[in-house]
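**Q** Sharing a structure with you now.
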Amino acid sequence: MPDLKLPAALAACLLVGVLARPAVAAEAPLMLEEMTSTELRARIDGGATTAIIPIGGTEQSGPYIALGKHNVRAVALAKMIAQRLGNAVVAPVVSYVPEGSITPPAGHMRFAGTLSIPEQTFEDLLVSTGQSLRQHGFRHIVLIGDHGGYQKSETKVAQRLNKAWARDGKASALALLAYYDVTQDAYVADLQKRGYSKAEIGLHAGLADAALMLATDKSLVRSDALARGPSPTVEQGVRGDARRATAELGKLGVQRIVDTSVAAITEFAAHGAPSTSVKESK
């Protein structure tokens, strides 16, 4: 009969070795809503001083891009920015935003699925969100908006918060307009250099919009229908031609947004919020 003592001893040694190894730490979550309260407190106490509030919107983007485009994209990009910063947490996305008159319907509200709230309600919601984050210990509150229609509201909210917080200086807020502005200038220039016209790049649900979506969550783009179908018209809620959009083109914009945002937030954390000006939304 074979001697089982040696194999048993060897197995015991191997088991002890496995148990003695330090556990590989799971990557810390970036989304506030994915943490427990105690986990978040530990993150704040450990130096997570920046809270990013991603703002999206539930809005029509024609027949080929889903209604949640802004929400999904804002979260995806906010997480990339937070990952690069290393000391940031991402708040839940704000998916209810001003989209114009409900009755009678105007703008995007003329198309099924768009949801709109009053501008004052939207601004008050953001102010309360910023105040909540400050209460828990965040010192740098950053608003990033994926849609052009409420950029002025972002600025007004940051100004309200900074005025309220000026006395004790414990926290400050930044309306990160550069997050959106880069998609309207530098990214458009990148696409033009590659031979795409401004008409094709578009202002809403065109090539630039679809490419950014393909690079962040392709499931929200109806790629097969887009490849086979005609270019939608303004009457269908689209301004541009997305048929040649690709994820590779979208990655150019993603890189622009993330690099610009990280640089601006780093500057904000070091020196405070700069004065802001708002471009007219297209």
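Residues in the structure tokens are named by chain (A, B, ... in the order shown) and by number from 1 within that chain; ligands are numbered from 1 in the order shown.
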Could you write out, as a ChimeraX atom specification, all the residues of range 63-280 of chain A that DSSP marks as strand (DSSP E or B)?

**A** /A:63,65,88-90,94,97,116,140-145,172-175,204,221,239

**Q** Check range 42-244 of chain A with DSSP on the backbone and list each residue it calls alpha helix (DSSP H), as a VMD selection string.

**A** chain A and resid 42 to 45 69 to 85 119 to 135 151 to 165 178 to 184 186 to 193 198 to 201 207 to 216 223 to 228

**Q** Could you build a table of the residues in range 61-120 of chain A lying no more than 10 Å from range 40-46 of chain A, giving for each the nearest pair of atoms and their separation in Å rounded to one decimal place, using only C-alpha atoms, ordered by chain and ascending residue number, as a tab-separated table?

**A**
```
residue	atom	partner	partner_atom	distance
A:Asn87	CA	A:Arg43	CA	8.5
A:Ala88	CA	A:Ile44	CA	9.1
A:Val89	CA	A:Arg43	CA	8.7
```

**Q** With distances taken over only C-alpha atoms, which of A:Glu235, A:Glu39, A:Asp241, A:Asp224 is nearest to Tyr196 in chain A?

**A**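 Of the candidates, the smallest distance to Tyr196 in chain A is held by A:Asp241.
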
**Q** Output as a tab-separated table one row per residue of range 221-257 of chain A within 12 Å of range 111-124 of chain A: the closest atom pair and its distance in Å to one decimal place, counting only C-alpha atoms, sorted by chain and residue number ascending.

**A**
```
residue	atom	partner	partner_atom	distance
A:Val234	CA	A:Phe111	CA	11.8
A:Glu235	CA	A:Phe111	CA	10.0
A:Gln236	CA	A:Phe111	CA	8.3
A:Gly237	CA	A:Phe111	CA	7.6
A:Val238	CA	A:Phe111	CA	11.1
```

**Q** Let me make sure I understand: among A:Arg84, A:Arg139, A:Lys152, A:His108, which one has the smallest atom-to-atom distance to Phe268 in chain A if we use only C-alpha atoms?

**A** A:Arg139

**Q** Extract, using only C-alpha atoms, all DNA, RNA and protein residues at most 8 Å from range 143-150 of chain A, discarding same-chain residues fewer than 4 positions from it, and format them as a PyMOL selection string.

**A** chain A and resi 52-57+70-71+73-74+78+97-99+154+158+173-177+179-180+281-282

**Q** Determine the nearest neighbour of Asp168 in chain A from the options A:Gly68, A:Arg134, A:Glu200, A:Gly195, counting only C-alpha atoms.

**A**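 Result for the nearest residue to Asp168 in chain A: A:Arg134.
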
**Q** Near Val72 in chain A, within 9 Å and counting only C-alpha atoms, which residues show up once chain neighbours fewer than 6 positions away are dropped, as an NGL selection string?

**A** :A and (56 or 93 or 213 or 216-217 or 220)

**Q** Using only C-alpha atoms for the distances, tell me which of A:Leu133, A:Asp181, A:Ser261, A:Ala171 is nearest to Gln151 in chain A.

**A**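 For Gln151 in chain A, the nearest of the candidates is A:Asp181.
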
**Q** Taking only C-alpha atoms into account, name the residue in A:Tyr96, A:Gln60, A:Gly130, A:Val182 that is nearest to Asp259 in chain A.

**A** A:Val182

**Q** Determine the nearest neighbour of Lys170 in chain A from the options A:Lys193, A:Ala199, A:Ile141, A:Pro63, counting only C-alpha atoms.

**A**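 When distances to Lys170 in chain A are compared using only C-alpha atoms, the smallest one comes from A:Ile141.
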
**Q** Provide the CA of Thr266 in chain A to CA of Ala210 in chain A distance in Å, to one decimal place.

**A** 29.0 Å

**Q** Which neighbours of Asp209 in chain A fall inside 12 Å, counting only C-alpha atoms, when residues of the same chain fewer than 3 positions from it are skipped, and could you give them as a PyMOL selection string?

**A** chain A and resi 61-62+64-66+69-70+73+146-147+180+183-184+187-188+191+200-206+212-218+220-221+238-247+249-251+253-254

**Q** Could you tell me how far CA of Asp185 in chain A sits from CA of Ser197 in chain A, in Å to one decimal place?

**A**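 Computing the Euclidean distance for CA of Ser197 in chain A and CA of Asp185 in chain A yields 13.4 Å.
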